[in-house]
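Asker: Below you will find the structure I want to go over with you.
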Amino acid sequence: MAIDHDILISGGGVAGLTAAALFGTAGFSVLLCDPTPPVTSGDDEAADLRTTALLQPARDLLEESGLWSRLAPHAAPLQVMRIVDAGGEIAEPRVSREFDASEITSGPFGWNLPNWLLRREMVARLSELDTVTFRPGIATTTLLTREREAIVGLDDGTRVRCRLVIAADGRTSPMREAAGISVSTRRYGQKALAFAVTHPPPHDNVSTEVHRTGGPFTLVPLPDRDGMPCSAVVWMEDGVEALRLATLPVPAFESAMMERSCGLFGPLTLATRRTLWPIITQVAERMSGERLALIAEAAHVVPPIGAQGLNMSLGDLRALRDLAVARPEGLGDRQMMETYHRSRHPEVKLRAAGIDALNRASQLSARPLRDLRAAGLSALYGAAPVRRMLMQMGLGARDAS
């Protein structure tokens with residue numbers, strides 16, 4: 001029987017769109033399905049107001065897929081990463097460490113963009129590719145795999161035959177569940193508030209992570225908004241407190257932001273609505289099945305610390321792309337799927353464990369433990385060789401991703 005497409009991608013989030021552009025540019029015929037048409041305007045009530053930091057190793061992959069030229073004009077460089085401990089009796093910095101990208105590389109650590117804008121530019125890129133068919137509003141529902149092909153059922157009643165299915169369909173992935181691949185999940189009782197703010201002083205391309213209790217308060221540079229310096233904020237808190245903050249009147253919320261940020265950027269003005277996201281760590285038992293590869297949140301979910309989420313996903317895509325291009329005749333076969341799992345799963349588990357440890361440290365509420373965290377931060381990041389090693393790990397060195 002004829003194969004309808006080389007690759008079917010389930011899920012049209014940032015990772016799925018990137019996968020479609022990457023494999024379509026490489027010459028594979030791709031069908032991309034997603035049950036929800038992508039929201040490509042920041043003013044839409046359904047817009048994803050979170051931002052994504054694309055670390056430097058991601059740039060090559062985005063250039064290969066024809067995406068970087070579209071994204072670069074909208075990206076805010078991340079030159080300095082600043083970590084602040086404010087876990088004392090009052091909310092003020094007591095330990096602050098800065099990591100300048102110039103210590104390890106000629107460019108910035110990465111670039112930050114709003115998720116809705118990433119989707120807009122990626123959808124535009126797909127429209128340029130004859131090799132990609134994008135079907136927004138269509139969900140994948142069933143998966144039947146055989147030695148030589150996969151057959152995917154869609155919710156419009158059609159069935160698609162392909163050589164490889166890429167599951168990029170989120171933490172409750174229908175394709176992963178259809179394949180019977182289990183996950184291990186760790187919950188923290190945390191939620192993250194995501195929104196954007198303006199502030200009087202320029203951010204100078206500095207990303208700032210303030211630790212006190214409940215989780216980090218992180219400000220990440222964005223391009224100016226209405227003539228004012230602008231940053232994206234991810235504010236992680238224990239669930240009950242996050243829900244309270246999400247419903248505060250704007251003046252009270254801005255006052256709470258000022259205290260939690262220790263006034264490092266002066267008064268913060270809320271520039272968008274507030275969105276709320278649950279925080280978990282989740283890792284799939286396997287990264288692959290018969291004719292199936294799991295990527296992104298279908299394979300791994302981590303707290304938003306260290307800009308690792310999408311960059312781990314791009315590591316998945318890089319590994320899959322390399323295997324597909326090296327043996328196009330073996331696309332999706334047992335050898336390719338097993339090699340993909342072995343190359344990615346240990347790295348994913350290691351990074352997830354590291355981010356889990358960092359998140360637990362950031363949640364500390366007992367004063368003696370917060371003091372210990374501050375001392376550890378000062379000692380660990382104060383040593384230049386250790387600092388450089390941590391920055392390299394944070395970037396996701398090519399041999400580790």
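Each chain in the structure tokens gets a letter, A, B and so on, in the order shown; residues start at 1 in every chain, and ligands are counted from 1 in the order they appear.
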Determine, counting only C-alpha atoms, which protein, DNA and RNA residues have an atom within 6 Å of an atom of segment 289-303 of chain A; residues of the same chain fewer than 2 positions away are not included. Present the result as a ChimeraX atom specification.

Answerer: /A:164-171,173,279,281-284,287,305,313,316,332

Asker: Kindly save the residues from that selection, with N, CA, C and O atoms included, as a PDB file, in the first residue's frame.

Answerer:
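Ended up saving to selection-v2.pdb:
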ATOM      1  N   LEU A 164       6.563   7.408   9.884  1.00  0.00           N
ATOM      2  CA  LEU A 164       6.958   7.840  11.231  1.00  0.00           C
ATOM      3  C   LEU A 164       5.890   8.771  11.783  1.00  0.00           C
ATOM      4  O   LEU A 164       5.430   9.678  11.080  1.00  0.00           O
ATOM      5  N   VAL A 165       5.508   8.530  13.036  1.00  0.00           N
ATOM      6  CA  VAL A 165       4.627   9.441  13.760  1.00  0.00           C
ATOM      7  C   VAL A 165       5.466  10.154  14.811  1.00  0.00           C
ATOM      8  O   VAL A 165       6.174   9.514  15.596  1.00  0.00           O
ATOM      9  N   ILE A 166       5.407  11.480  14.827  1.00  0.00           N
ATOM     10  CA  ILE A 166       6.075  12.269  15.860  1.00  0.00           C
ATOM     11  C   ILE A 166       4.997  12.825  16.778  1.00  0.00           C
ATOM     12  O   ILE A 166       4.129  13.589  16.345  1.00  0.00           O
ATOM     13  N   ALA A 167       5.025  12.413  18.044  1.00  0.00           N
ATOM     14  CA  ALA A 167       4.057  12.906  19.028  1.00  0.00           C
ATOM     15  C   ALA A 167       4.606  14.166  19.673  1.00  0.00           C
ATOM     16  O   ALA A 167       5.552  14.114  20.446  1.00  0.00           O
ATOM     17  N   ALA A 168       3.996  15.297  19.312  1.00  0.00           N
ATOM     18  CA  ALA A 168       4.319  16.592  19.923  1.00  0.00           C
ATOM     19  C   ALA A 168       3.041  17.164  20.515  1.00  0.00           C
ATOM     20  O   ALA A 168       2.807  18.373  20.481  1.00  0.00           O
ATOM     21  N   ASP A 169       2.214  16.249  21.060  1.00  0.00           N
ATOM     22  CA  ASP A 169       0.854  16.620  21.437  1.00  0.00           C
ATOM     23  C   ASP A 169       0.646  16.749  22.944  1.00  0.00           C
ATOM     24  O   ASP A 169      -0.420  16.471  23.471  1.00  0.00           O
ATOM     25  N   GLY A 170       1.693  17.193  23.629  1.00  0.00           N
ATOM     26  CA  GLY A 170       1.525  17.657  24.999  1.00  0.00           C
ATOM     27  C   GLY A 170       1.620  16.589  26.077  1.00  0.00           C
ATOM     28  O   GLY A 170       1.786  15.398  25.813  1.00  0.00           O
ATOM     29  N   ARG A 171       1.481  17.060  27.313  1.00  0.00           N
ATOM     30  CA  ARG A 171       1.707  16.198  28.475  1.00  0.00           C
ATOM     31  C   ARG A 171       0.663  15.097  28.613  1.00  0.00           C
ATOM     32  O   ARG A 171       0.902  14.119  29.315  1.00  0.00           O
ATOM     33  N   SER A 173      -0.465  13.454  25.901  1.00  0.00           N
ATOM     34  CA  SER A 173      -0.343  13.008  24.517  1.00  0.00           C
ATOM     35  C   SER A 173      -1.243  11.832  24.128  1.00  0.00           C
ATOM     36  O   SER A 173      -1.092  10.717  24.634  1.00  0.00           O
ATOM     37  N   ILE A 279       2.608  23.371  37.610  1.00  0.00           N
ATOM     38  CA  ILE A 279       4.015  22.997  37.546  1.00  0.00           C
ATOM     39  C   ILE A 279       4.171  21.529  37.919  1.00  0.00           C
ATOM     40  O   ILE A 279       3.755  21.111  39.007  1.00  0.00           O
ATOM     41  N   THR A 281       6.922  17.841  37.068  1.00  0.00           N
ATOM     42  CA  THR A 281       7.971  17.169  36.311  1.00  0.00           C
ATOM     43  C   THR A 281       7.380  15.854  35.830  1.00  0.00           C
ATOM     44  O   THR A 281       6.786  15.113  36.625  1.00  0.00           O
ATOM     45  N   GLN A 282       7.521  15.576  34.555  1.00  0.00           N
ATOM     46  CA  GLN A 282       6.970  14.338  33.991  1.00  0.00           C
ATOM     47  C   GLN A 282       7.924  13.814  32.922  1.00  0.00           C
ATOM     48  O   GLN A 282       8.355  14.572  32.050  1.00  0.00           O
ATOM     49  N   VAL A 283       8.253  12.533  33.010  1.00  0.00           N
ATOM     50  CA  VAL A 283       9.148  11.918  32.030  1.00  0.00           C
ATOM     51  C   VAL A 283       8.533  10.613  31.551  1.00  0.00           C
ATOM     52  O   VAL A 283       8.099   9.787  32.359  1.00  0.00           O
ATOM     53  N   ALA A 284       8.479  10.437  30.241  1.00  0.00           N
ATOM     54  CA  ALA A 284       7.939   9.207  29.661  1.00  0.00           C
ATOM     55  C   ALA A 284       8.884   8.041  29.932  1.00  0.00           C
ATOM     56  O   ALA A 284      10.110   8.199  29.979  1.00  0.00           O
ATOM     57  N   MET A 287      11.129   7.008  25.022  1.00  0.00           N
ATOM     58  CA  MET A 287      11.014   8.115  24.074  1.00  0.00           C
ATOM     59  C   MET A 287      10.496   7.646  22.718  1.00  0.00           C
ATOM     60  O   MET A 287      10.275   8.452  21.829  1.00  0.00           O
ATOM     61  N   ILE A 305      12.528  26.544  34.708  1.00  0.00           N
ATOM     62  CA  ILE A 305      13.763  27.026  35.322  1.00  0.00           C
ATOM     63  C   ILE A 305      14.909  26.762  34.353  1.00  0.00           C
ATOM     64  O   ILE A 305      15.038  25.660  33.823  1.00  0.00           O
ATOM     65  N   SER A 313      13.448  20.023  23.923  1.00  0.00           N
ATOM     66  CA  SER A 313      12.649  19.570  22.783  1.00  0.00           C
ATOM     67  C   SER A 313      13.428  19.695  21.478  1.00  0.00           C
ATOM     68  O   SER A 313      13.355  18.819  20.605  1.00  0.00           O
ATOM     69  N   ASP A 316      15.658  16.870  21.134  1.00  0.00           N
ATOM     70  CA  ASP A 316      14.947  15.715  20.580  1.00  0.00           C
ATOM     71  C   ASP A 316      14.927  15.798  19.053  1.00  0.00           C
ATOM     72  O   ASP A 316      15.218  14.822  18.348  1.00  0.00           O
ATOM     73  N   GLY A 332      11.751   5.839  10.593  1.00  0.00           N
ATOM     74  CA  GLY A 332      10.736   5.258  11.457  1.00  0.00           C
ATOM     75  C   GLY A 332      10.906   3.785  11.762  1.00  0.00           C
ATOM     76  O   GLY A 332      10.084   3.219  12.496  1.00  0.00           O
TER      77      GLY A 332
END

Asker: Residues near Pro229 of chain A, anyone? I mean within 12 Å using only C-alpha atoms, not counting same-chain ones fewer than 2 positions away, as a PyMOL selection string.

Answerer: chain A and resi 76+196-206+219-227+231-232+265-269+271

Asker: What does the distance from atom CA of Lys191 of chain A to atom CA of Gly110 of chain A come to in Å, to one decimal?

Answerer: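 Going from atom CA of Lys191 of chain A over to atom CA of Gly110 of chain A covers 25.3 Å.
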
Asker: Excluding Arg273 of chain A and any residue of its chain fewer than 2 positions from it, enumerate the residues within 9 Å of it, using only C-alpha atoms, and give them as an NGL selection string.

Answerer: :A and (45 or 49 or 194-196 or 270-271 or 275)

Asker: Excluding Ser65 of chain A and its own-chain neighbours fewer than 6 positions away, which residues fall within 9 Å of it when counting only C-alpha atoms? Please give them as a ChimeraX atom specification.

Answerer: /A:18-26,125

Asker: Can you write just those residues out, all heavy atoms, as a compact mmCIF listing (two decimals), in the first residue's frame?

Answerer:
# COMPACT_ATOMS: atom_id res chain seq x y z
N THR A 18 7.92 23.56 14.79
CA THR A 18 9.35 23.51 14.48
C THR A 18 9.68 22.20 13.78
O THR A 18 10.43 22.17 12.80
CB THR A 18 10.19 23.65 15.76
OG1 THR A 18 9.84 24.85 16.44
CG2 THR A 18 11.68 23.69 15.43
N ALA A 19 9.13 21.09 14.28
CA ALA A 19 9.38 19.80 13.66
C ALA A 19 8.91 19.78 12.21
O ALA A 19 9.61 19.26 11.32
CB ALA A 19 8.68 18.69 14.46
N ALA A 20 7.73 20.33 11.95
CA ALA A 20 7.21 20.36 10.58
C ALA A 20 8.12 21.16 9.67
O ALA A 20 8.41 20.75 8.53
CB ALA A 20 5.80 20.92 10.58
N ALA A 21 8.58 22.32 10.15
CA ALA A 21 9.47 23.15 9.34
C ALA A 21 10.80 22.45 9.10
O ALA A 21 11.35 22.48 7.98
CB ALA A 21 9.68 24.50 10.02
N LEU A 22 11.33 21.80 10.13
CA LEU A 22 12.64 21.15 10.01
C LEU A 22 12.59 19.98 9.03
O LEU A 22 13.43 19.90 8.11
CB LEU A 22 13.08 20.66 11.39
CG LEU A 22 14.45 19.98 11.47
CD1 LEU A 22 15.56 20.97 11.15
CD2 LEU A 22 14.67 19.36 12.85
N PHE A 23 11.63 19.09 9.20
CA PHE A 23 11.58 17.91 8.32
C PHE A 23 11.06 18.28 6.93
O PHE A 23 11.48 17.67 5.94
CB PHE A 23 10.73 16.82 8.96
CG PHE A 23 11.46 16.09 10.06
CD1 PHE A 23 11.27 16.45 11.39
CD2 PHE A 23 12.34 15.08 9.77
CE1 PHE A 23 11.95 15.79 12.40
CE2 PHE A 23 13.04 14.42 10.77
CZ PHE A 23 12.84 14.77 12.10
N GLY A 24 10.18 19.27 6.84
CA GLY A 24 9.73 19.72 5.53
C GLY A 24 10.86 20.34 4.74
O GLY A 24 11.02 20.09 3.53
N THR A 25 11.69 21.13 5.40
CA THR A 25 12.84 21.76 4.74
C THR A 25 13.84 20.70 4.31
O THR A 25 14.52 20.85 3.29
CB THR A 25 13.50 22.78 5.68
OG1 THR A 25 12.54 23.78 6.05
CG2 THR A 25 14.68 23.46 5.02
N ALA A 26 13.94 19.60 5.07
CA ALA A 26 14.87 18.52 4.73
C ALA A 26 14.36 17.65 3.59
O ALA A 26 15.06 16.73 3.15
CB ALA A 26 15.14 17.66 5.97
N ARG A 125 6.06 30.29 8.01
CA ARG A 125 7.11 29.51 7.34
C ARG A 125 6.53 28.25 6.70
O ARG A 125 6.89 27.88 5.57
CB ARG A 125 8.21 29.14 8.36
CG ARG A 125 9.23 28.10 7.87
CD ARG A 125 9.95 28.55 6.62
NE ARG A 125 10.91 27.54 6.16
CZ ARG A 125 11.34 27.44 4.90
NH1 ARG A 125 10.89 28.30 3.98
NH2 ARG A 125 12.22 26.53 4.57

Asker: When DSSP works through the backbone of this structure, what residues of segment 273-323 of chain A end up as alpha helix (DSSP H), shown as a ChimeraX atom specification?

Answerer: /A:309-323

Asker: Enumerate the residues of segment 52-88 of chain A with a DSSP assignment of strand (DSSP E or B), computed from the backbone, and present them as a ChimeraX atom specification.

Answerer: /A:52-55,76-78,80-85

Asker: Keeping only N, CA and C atoms, write those residues as a PDB file, in the first residue's frame.

Answerer:
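Just written: part.pdb:
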ATOM      1  N   THR A  52       9.468  32.021  25.433  1.00  0.00           N
ATOM      2  CA  THR A  52      10.443  30.951  25.302  1.00  0.00           C
ATOM      3  C   THR A  52      11.808  31.551  25.048  1.00  0.00           C
ATOM      4  N   ALA A  53      12.789  31.129  25.843  1.00  0.00           N
ATOM      5  CA  ALA A  53      14.178  31.525  25.611  1.00  0.00           C
ATOM      6  C   ALA A  53      14.824  30.469  24.723  1.00  0.00           C
ATOM      7  N   LEU A  54      15.204  30.877  23.543  1.00  0.00           N
ATOM      8  CA  LEU A  54      15.896  29.981  22.610  1.00  0.00           C
ATOM      9  C   LEU A  54      17.385  30.101  22.877  1.00  0.00           C
ATOM     10  N   LEU A  55      17.979  29.069  23.471  1.00  0.00           N
ATOM     11  CA  LEU A  55      19.390  29.120  23.802  1.00  0.00           C
ATOM     12  C   LEU A  55      20.239  28.995  22.538  1.00  0.00           C
ATOM     13  N   ALA A  76      14.595  39.250  21.759  1.00  0.00           N
ATOM     14  CA  ALA A  76      15.382  40.055  22.700  1.00  0.00           C
ATOM     15  C   ALA A  76      16.573  39.221  23.162  1.00  0.00           C
ATOM     16  N   PRO A  77      17.816  39.706  22.961  1.00  0.00           N
ATOM     17  CA  PRO A  77      18.989  38.917  23.372  1.00  0.00           C
ATOM     18  C   PRO A  77      19.065  38.763  24.892  1.00  0.00           C
ATOM     19  N   LEU A  78      19.578  37.610  25.321  1.00  0.00           N
ATOM     20  CA  LEU A  78      19.813  37.346  26.744  1.00  0.00           C
ATOM     21  C   LEU A  78      21.328  37.297  26.942  1.00  0.00           C
ATOM     22  N   VAL A  80      23.061  38.446  29.903  1.00  0.00           N
ATOM     23  CA  VAL A  80      23.468  38.186  31.288  1.00  0.00           C
ATOM     24  C   VAL A  80      22.359  37.448  32.018  1.00  0.00           C
ATOM     25  N   MET A  81      22.714  36.395  32.743  1.00  0.00           N
ATOM     26  CA  MET A  81      21.791  35.691  33.626  1.00  0.00           C
ATOM     27  C   MET A  81      22.142  36.069  35.061  1.00  0.00           C
ATOM     28  N   ARG A  82      21.188  36.632  35.765  1.00  0.00           N
ATOM     29  CA  ARG A  82      21.426  37.062  37.149  1.00  0.00           C
ATOM     30  C   ARG A  82      20.551  36.233  38.088  1.00  0.00           C
ATOM     31  N   ILE A  83      21.171  35.656  39.118  1.00  0.00           N
ATOM     32  CA  ILE A  83      20.450  34.892  40.132  1.00  0.00           C
ATOM     33  C   ILE A  83      20.583  35.624  41.458  1.00  0.00           C
ATOM     34  N   VAL A  84      19.441  35.880  42.079  1.00  0.00           N
ATOM     35  CA  VAL A  84      19.394  36.670  43.309  1.00  0.00           C
ATOM     36  C   VAL A  84      18.720  35.851  44.407  1.00  0.00           C
ATOM     37  N   ASP A  85      19.347  35.771  45.567  1.00  0.00           N
ATOM     38  CA  ASP A  85      18.683  35.180  46.730  1.00  0.00           C
ATOM     39  C   ASP A  85      18.179  36.308  47.618  1.00  0.00           C
TER      40      ASP A  85
END

Asker: Rank nothing, just name the residue among A:Arg120, A:Arg274, A:Arg97, A:His74 nearest to Thr208 of chain A, using only C-alpha atoms.

Answerer: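 The closest residue to Thr208 of chain A is A:Arg97.
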
Asker: Applying 8 Å and only C-alpha atoms, which residues near Ala319 of chain A remain after dropping the ones on its own chain fewer than 3 positions away? List them as JSON, numbers by chain.

Answerer: {"A": [315, 316, 322, 323, 340, 343, 344]}

Asker: Compare A:Leu17, A:Leu126, A:Leu264, A:Met336 by their minimum atom-to-atom distance to Ser288 of chain A, counting only C-alpha atoms, and give me the closest one.

Answerer: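 Between A:Leu17, A:Leu126, A:Leu264, A:Met336, the residue approaching Ser288 of chain A most closely is A:Met336.
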
Asker: What does the distance from atom CA of Leu71 of chain A to atom CA of Thr51 of chain A come to in Å, to one decimal?

Answerer: 13.0 Å

Asker: Do you have the atom CA of Ala326 of chain A-atom CA of Glu64 of chain A distance handy?

Answerer: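 Atom CA of Glu64 of chain A lies 15.7 Å from atom CA of Ala326 of chain A.
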
Asker: Check the smallest atom-to-atom distance from each of A:Pro174, A:Gly12, A:Gly27, A:Pro38 to Arg321 of chain A using only C-alpha atoms, then report the winner.

Answerer: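 Smallest distance to Arg321 of chain A is found for A:Gly27.
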
Asker: Using only C-alpha atoms, find the one residue out of A:Leu113, A:Ala86, A:Leu193, A:Val95 that sits nearest to Arg244 of chain A.

Answerer: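 Of all the options, A:Leu193 lies closest to Arg244 of chain A.
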